[in-house]
Amino acid sequence: SDGFLRLCAETFALPAGLTAGWDGLEQGLKDLSWVESDGGYLVMYEAWAELAEADQRSFRTALDIFTRAVEAWQETSTPMSVLLSSIGVEVAGVPKLG
């Protein structure tokens, strides 16, 4: 999970002042005030199967955080969507579109 959290911190350019770990990721995804938006945020997570296979618990935690972030943005005029590529391992509880 440490590698995933580091990758997220880099990808989302999370400010250094955020709490480390999962809490910091969730806080950052619910804020994103430092990232310019043209009407919303789209996260495309293509390599999710790697985390799911290596650390199921961390994968579930990541999904929960993405879900709560999407729900938080639904209450605003700036939507957020998180898409997981359908290429890879099928995991129970991950909805498949199309």
# chains A, B, ... in the order shown; residues from 1 in each chain; ligands from 1
call {"tool": "residues_around", "arguments": {"residues": "region 35-44 of chain A", "least_positions_apart": "2", "cutoff": "7 Å", "atoms": "only C-alpha atoms", "output": "VMD selection string"}}
result
chain A and resid 32 to 33 46 78 to 84
call {"tool": "residues_around", "arguments": {"residues": "Gly28 (chain A)", "least_positions_apart": "4", "cutoff": "10 Å", "atoms": "only C-alpha atoms", "output": "MDAnalysis selection string"}}
result
chainID A and resid 8:9 12:15 18:19 22:24 32:34 69
call {"tool": "write_last_selection", "arguments": {"atoms": "all heavy atoms", "output": "CSV table (one decimal), in the first residue's frame"}}
result
chain,number,residue,atom,x,y,z
A,8,CYS,N,-0.2,7.9,-5.7
A,8,CYS,CA,-1.3,8.8,-5.6
A,8,CYS,C,-0.8,10.2,-5.2
A,8,CYS,O,-1.3,11.2,-5.8
A,8,CYS,CB,-2.3,8.3,-4.6
A,8,CYS,SG,-3.3,6.9,-5.2
A,9,ALA,N,0.1,10.3,-4.3
A,9,ALA,CA,0.6,11.6,-3.8
A,9,ALA,C,1.2,12.3,-5.0
A,9,ALA,O,1.0,13.5,-5.2
A,9,ALA,CB,1.6,11.4,-2.7
A,12,PHE,N,-1.7,13.0,-8.0
A,12,PHE,CA,-2.7,14.0,-7.6
A,12,PHE,C,-2.0,15.3,-7.1
A,12,PHE,O,-2.7,16.2,-6.7
A,12,PHE,CB,-3.7,13.5,-6.6
A,12,PHE,CG,-4.5,12.4,-7.2
A,12,PHE,CD1,-4.4,11.1,-6.6
A,12,PHE,CD2,-5.4,12.5,-8.2
A,12,PHE,CE1,-5.2,10.0,-7.1
A,12,PHE,CE2,-6.1,11.5,-8.7
A,12,PHE,CZ,-6.0,10.2,-8.1
A,13,ALA,N,-0.7,15.3,-7.1
A,13,ALA,CA,0.1,16.4,-6.6
A,13,ALA,C,-0.4,16.9,-5.2
A,13,ALA,O,-0.6,18.0,-5.0
A,13,ALA,CB,0.0,17.6,-7.6
A,14,LEU,N,-0.6,15.9,-4.3
A,14,LEU,CA,-1.1,16.2,-3.0
A,14,LEU,C,-0.1,17.1,-2.2
A,14,LEU,O,1.1,16.8,-2.2
A,14,LEU,CB,-1.3,14.9,-2.2
A,14,LEU,CG,-2.3,13.9,-2.8
A,14,LEU,CD1,-2.4,12.6,-2.0
A,14,LEU,CD2,-3.7,14.6,-2.9
A,15,PRO,N,-0.6,18.1,-1.6
A,15,PRO,CA,0.3,19.0,-0.8
A,15,PRO,C,1.0,18.2,0.3
A,15,PRO,O,0.4,17.3,0.9
A,15,PRO,CB,-0.7,20.0,-0.2
A,15,PRO,CG,-1.9,20.0,-1.1
A,15,PRO,CD,-2.0,18.5,-1.6
A,18,LEU,N,-0.7,17.6,4.0
A,18,LEU,CA,-1.7,16.6,4.3
A,18,LEU,C,-1.2,15.5,5.2
A,18,LEU,O,-0.1,15.2,5.1
A,18,LEU,CB,-2.3,16.0,3.0
A,18,LEU,CG,-3.2,16.8,2.1
A,18,LEU,CD1,-3.6,16.0,0.9
A,18,LEU,CD2,-4.4,17.3,2.9
A,19,THR,N,-2.2,15.0,5.9
A,19,THR,CA,-1.9,13.8,6.8
A,19,THR,C,-1.4,12.7,5.9
A,19,THR,O,-1.9,12.5,4.8
A,19,THR,CB,-3.2,13.3,7.5
A,19,THR,OG1,-3.7,14.4,8.2
A,19,THR,CG2,-2.9,12.2,8.4
A,22,TRP,N,-3.7,6.8,4.2
A,22,TRP,CA,-5.0,6.8,3.6
A,22,TRP,C,-5.8,8.0,3.9
A,22,TRP,O,-6.6,8.5,3.1
A,22,TRP,CB,-5.8,5.5,4.1
A,22,TRP,CG,-5.1,4.3,3.6
A,22,TRP,CD1,-4.5,3.3,4.4
A,22,TRP,CD2,-5.1,3.8,2.3
A,22,TRP,NE1,-4.0,2.3,3.6
A,22,TRP,CE2,-4.4,2.5,2.3
A,22,TRP,CE3,-5.5,4.2,1.0
A,22,TRP,CZ2,-4.2,1.8,1.1
A,22,TRP,CZ3,-5.3,3.5,-0.1
A,22,TRP,CH2,-4.6,2.3,-0.1
A,23,ASP,N,-5.7,8.5,5.1
A,23,ASP,CA,-6.5,9.7,5.5
A,23,ASP,C,-6.1,10.9,4.7
A,23,ASP,O,-6.9,11.7,4.2
A,23,ASP,CB,-6.3,10.1,7.0
A,23,ASP,CG,-6.9,9.1,7.9
A,23,ASP,OD1,-7.9,8.4,7.5
A,23,ASP,OD2,-6.5,9.0,9.1
A,24,GLY,N,-4.8,11.1,4.4
A,24,GLY,CA,-4.3,12.2,3.6
A,24,GLY,C,-4.8,12.1,2.1
A,24,GLY,O,-5.2,13.1,1.5
A,32,LEU,N,-8.7,19.0,-3.6
A,32,LEU,CA,-8.2,19.2,-5.0
A,32,LEU,C,-8.2,20.7,-5.4
A,32,LEU,O,-8.2,21.1,-6.6
A,32,LEU,CB,-8.9,18.4,-6.0
A,32,LEU,CG,-8.7,16.9,-6.0
A,32,LEU,CD1,-9.5,16.2,-7.0
A,32,LEU,CD2,-7.2,16.5,-6.1
A,33,SER,N,-8.2,21.6,-4.4
A,33,SER,CA,-8.2,23.1,-4.7
A,33,SER,C,-7.0,23.5,-5.5
A,33,SER,O,-7.0,24.6,-6.1
A,33,SER,CB,-8.4,23.9,-3.4
A,33,SER,OG,-7.3,23.6,-2.5
A,34,TRP,N,-5.9,22.8,-5.4
A,34,TRP,CA,-4.7,23.1,-6.1
A,34,TRP,C,-4.6,22.6,-7.5
A,34,TRP,O,-3.7,22.9,-8.3
A,34,TRP,CB,-3.5,22.6,-5.3
A,34,TRP,CG,-3.6,21.1,-5.2
A,34,TRP,CD1,-3.1,20.1,-6.0
A,34,TRP,CD2,-4.3,20.4,-4.1
A,34,TRP,NE1,-3.4,18.9,-5.6
A,34,TRP,CE2,-4.1,19.0,-4.4
A,34,TRP,CE3,-5.0,20.8,-3.0
A,34,TRP,CZ2,-4.7,18.0,-3.6
A,34,TRP,CZ3,-5.5,19.8,-2.2
A,34,TRP,CH2,-5.4,18.5,-2.5
A,69,ALA,N,-14.9,10.0,-2.1
A,69,ALA,CA,-14.5,11.3,-2.8
A,69,ALA,C,-15.5,11.6,-3.9
A,69,ALA,O,-15.9,12.8,-4.0
A,69,ALA,CB,-13.1,11.1,-3.4
call {"tool": "closest_residue", "arguments": {"among": "A:Gly17, A:Leu25, A:Arg6, A:Asp31", "to": "Ala72 (chain A)", "atoms": "only C-alpha atoms"}}
result
A:Asp31
call {"tool": "select_by_dssp", "arguments": {"residues": "chain A", "states": "strand (DSSP E)", "output": "MDAnalysis selection string"}}
result
chainID A and resid 41:45 80:84
call {"tool": "write_last_selection", "arguments": {"atoms": "all heavy atoms", "output": "PDB file, in the first residue's frame"}}
result
ATOM      1  N   TYR A  41     -13.568  16.348 -12.405  1.00  0.00           N
ATOM      2  CA  TYR A  41     -12.359  15.544 -12.284  1.00  0.00           C
ATOM      3  C   TYR A  41     -12.656  14.124 -12.750  1.00  0.00           C
ATOM      4  O   TYR A  41     -13.688  13.553 -12.397  1.00  0.00           O
ATOM      5  CB  TYR A  41     -11.875  15.497 -10.830  1.00  0.00           C
ATOM      6  CG  TYR A  41     -11.501  16.847 -10.281  1.00  0.00           C
ATOM      7  CD1 TYR A  41     -12.335  17.513  -9.389  1.00  0.00           C
ATOM      8  CD2 TYR A  41     -10.329  17.474 -10.666  1.00  0.00           C
ATOM      9  CE1 TYR A  41     -11.994  18.760  -8.887  1.00  0.00           C
ATOM     10  CE2 TYR A  41      -9.980  18.723 -10.172  1.00  0.00           C
ATOM     11  CZ  TYR A  41     -10.820  19.355  -9.287  1.00  0.00           C
ATOM     12  OH  TYR A  41     -10.481  20.585  -8.798  1.00  0.00           O
ATOM     13  N   LEU A  42     -11.750  13.582 -13.536  1.00  0.00           N
ATOM     14  CA  LEU A  42     -11.860  12.211 -14.004  1.00  0.00           C
ATOM     15  C   LEU A  42     -10.582  11.479 -13.639  1.00  0.00           C
ATOM     16  O   LEU A  42      -9.481  11.899 -14.010  1.00  0.00           O
ATOM     17  CB  LEU A  42     -12.059  12.163 -15.522  1.00  0.00           C
ATOM     18  CG  LEU A  42     -12.090  10.768 -16.146  1.00  0.00           C
ATOM     19  CD1 LEU A  42     -13.278   9.952 -15.625  1.00  0.00           C
ATOM     20  CD2 LEU A  42     -12.138  10.872 -17.659  1.00  0.00           C
ATOM     21  N   VAL A  43     -10.724  10.391 -12.904  1.00  0.00           N
ATOM     22  CA  VAL A  43      -9.592   9.552 -12.521  1.00  0.00           C
ATOM     23  C   VAL A  43      -9.735   8.237 -13.282  1.00  0.00           C
ATOM     24  O   VAL A  43     -10.750   7.558 -13.166  1.00  0.00           O
ATOM     25  CB  VAL A  43      -9.582   9.276 -10.999  1.00  0.00           C
ATOM     26  CG1 VAL A  43      -8.451   8.325 -10.633  1.00  0.00           C
ATOM     27  CG2 VAL A  43      -9.495  10.579 -10.223  1.00  0.00           C
ATOM     28  N   MET A  44      -8.721   7.896 -14.064  1.00  0.00           N
ATOM     29  CA  MET A  44      -8.697   6.625 -14.785  1.00  0.00           C
ATOM     30  C   MET A  44      -7.629   5.764 -14.139  1.00  0.00           C
ATOM     31  O   MET A  44      -6.437   6.064 -14.230  1.00  0.00           O
ATOM     32  CB  MET A  44      -8.385   6.866 -16.263  1.00  0.00           C
ATOM     33  CG  MET A  44      -8.320   5.602 -17.068  1.00  0.00           C
ATOM     34  SD  MET A  44      -9.920   4.794 -17.112  1.00  0.00           S
ATOM     35  CE  MET A  44      -9.580   3.434 -18.181  1.00  0.00           C
ATOM     36  N   TYR A  45      -8.058   4.712 -13.477  1.00  0.00           N
ATOM     37  CA  TYR A  45      -7.143   3.824 -12.758  1.00  0.00           C
ATOM     38  C   TYR A  45      -7.013   2.537 -13.572  1.00  0.00           C
ATOM     39  O   TYR A  45      -7.845   1.649 -13.496  1.00  0.00           O
ATOM     40  CB  TYR A  45      -7.695   3.575 -11.357  1.00  0.00           C
ATOM     41  CG  TYR A  45      -6.821   2.778 -10.422  1.00  0.00           C
ATOM     42  CD1 TYR A  45      -5.483   2.535 -10.678  1.00  0.00           C
ATOM     43  CD2 TYR A  45      -7.352   2.255  -9.251  1.00  0.00           C
ATOM     44  CE1 TYR A  45      -4.694   1.808  -9.808  1.00  0.00           C
ATOM     45  CE2 TYR A  45      -6.573   1.525  -8.369  1.00  0.00           C
ATOM     46  CZ  TYR A  45      -5.250   1.300  -8.655  1.00  0.00           C
ATOM     47  OH  TYR A  45      -4.475   0.572  -7.793  1.00  0.00           O
ATOM     48  N   MET A  80     -16.898  14.405  -9.917  1.00  0.00           N
ATOM     49  CA  MET A  80     -15.710  13.545 -10.010  1.00  0.00           C
ATOM     50  C   MET A  80     -16.187  12.156 -10.397  1.00  0.00           C
ATOM     51  O   MET A  80     -17.202  11.681  -9.887  1.00  0.00           O
ATOM     52  CB  MET A  80     -14.957  13.457  -8.683  1.00  0.00           C
ATOM     53  CG  MET A  80     -13.805  12.444  -8.714  1.00  0.00           C
ATOM     54  SD  MET A  80     -13.012  12.184  -7.121  1.00  0.00           S
ATOM     55  CE  MET A  80     -11.630  13.292  -7.287  1.00  0.00           C
ATOM     56  N   SER A  81     -15.455  11.533 -11.296  1.00  0.00           N
ATOM     57  CA  SER A  81     -15.697  10.142 -11.669  1.00  0.00           C
ATOM     58  C   SER A  81     -14.387   9.387 -11.570  1.00  0.00           C
ATOM     59  O   SER A  81     -13.327   9.931 -11.874  1.00  0.00           O
ATOM     60  CB  SER A  81     -16.224  10.036 -13.101  1.00  0.00           C
ATOM     61  OG  SER A  81     -17.479  10.644 -13.216  1.00  0.00           O
ATOM     62  N   VAL A  82     -14.473   8.140 -11.150  1.00  0.00           N
ATOM     63  CA  VAL A  82     -13.300   7.264 -11.089  1.00  0.00           C
ATOM     64  C   VAL A  82     -13.634   6.034 -11.918  1.00  0.00           C
ATOM     65  O   VAL A  82     -14.630   5.359 -11.656  1.00  0.00           O
ATOM     66  CB  VAL A  82     -12.966   6.859  -9.637  1.00  0.00           C
ATOM     67  CG1 VAL A  82     -11.783   5.894  -9.613  1.00  0.00           C
ATOM     68  CG2 VAL A  82     -12.677   8.093  -8.785  1.00  0.00           C
ATOM     69  N   LEU A  83     -12.820   5.782 -12.930  1.00  0.00           N
ATOM     70  CA  LEU A  83     -13.027   4.639 -13.812  1.00  0.00           C
ATOM     71  C   LEU A  83     -11.903   3.636 -13.622  1.00  0.00           C
ATOM     72  O   LEU A  83     -10.738   4.016 -13.525  1.00  0.00           O
ATOM     73  CB  LEU A  83     -13.058   5.095 -15.268  1.00  0.00           C
ATOM     74  CG  LEU A  83     -14.079   6.175 -15.627  1.00  0.00           C
ATOM     75  CD1 LEU A  83     -13.915   6.572 -17.079  1.00  0.00           C
ATOM     76  CD2 LEU A  83     -15.491   5.700 -15.342  1.00  0.00           C
ATOM     77  N   LEU A  84     -12.264   2.363 -13.575  1.00  0.00           N
ATOM     78  CA  LEU A  84     -11.288   1.287 -13.512  1.00  0.00           C
ATOM     79  C   LEU A  84     -11.344   0.550 -14.836  1.00  0.00           C
ATOM     80  O   LEU A  84     -12.423   0.156 -15.278  1.00  0.00           O
ATOM     81  CB  LEU A  84     -11.597   0.324 -12.368  1.00  0.00           C
ATOM     82  CG  LEU A  84     -11.150   0.744 -10.972  1.00  0.00           C
ATOM     83  CD1 LEU A  84     -11.899   1.952 -10.488  1.00  0.00           C
ATOM     84  CD2 LEU A  84     -11.315  -0.402 -10.000  1.00  0.00           C
TER      85      LEU A  84
END
call {"tool": "closest_residue", "arguments": {"among": "A:Gln74, A:Gln27, A:Ser85, A:Ser58", "to": "Phe4 (chain A)", "atoms": "only C-alpha atoms"}}
result
A:Ser58
call {"tool": "select_by_dssp", "arguments": {"residues": "chain A", "states": "alpha helix (DSSP H)", "output": "PyMOL selection string"}}
result
chain A and resi 2-11+21-31+48-54+56-74
call {"tool": "atom_distance", "arguments": {"atom1": "CA of Leu29 (chain A)", "atom2": "CA of Arg57 (chain A)"}}
result
19.6 Å
call {"tool": "atom_distance", "arguments": {"atom1": "CA of Trp48 (chain A)", "atom2": "CA of Val70 (chain A)"}}
result
17.3 Å
call {"tool": "closest_residue", "arguments": {"among": "A:Glu26, A:Ser1, A:Thr76, A:Leu7", "to": "Glu53 (chain A)", "atoms": "only C-alpha atoms"}}
result
A:Ser1
call {"tool": "atom_distance", "arguments": {"atom1": "CA of Glu75 (chain A)", "atom2": "CA of Leu63 (chain A)"}}
result
19.2 Å
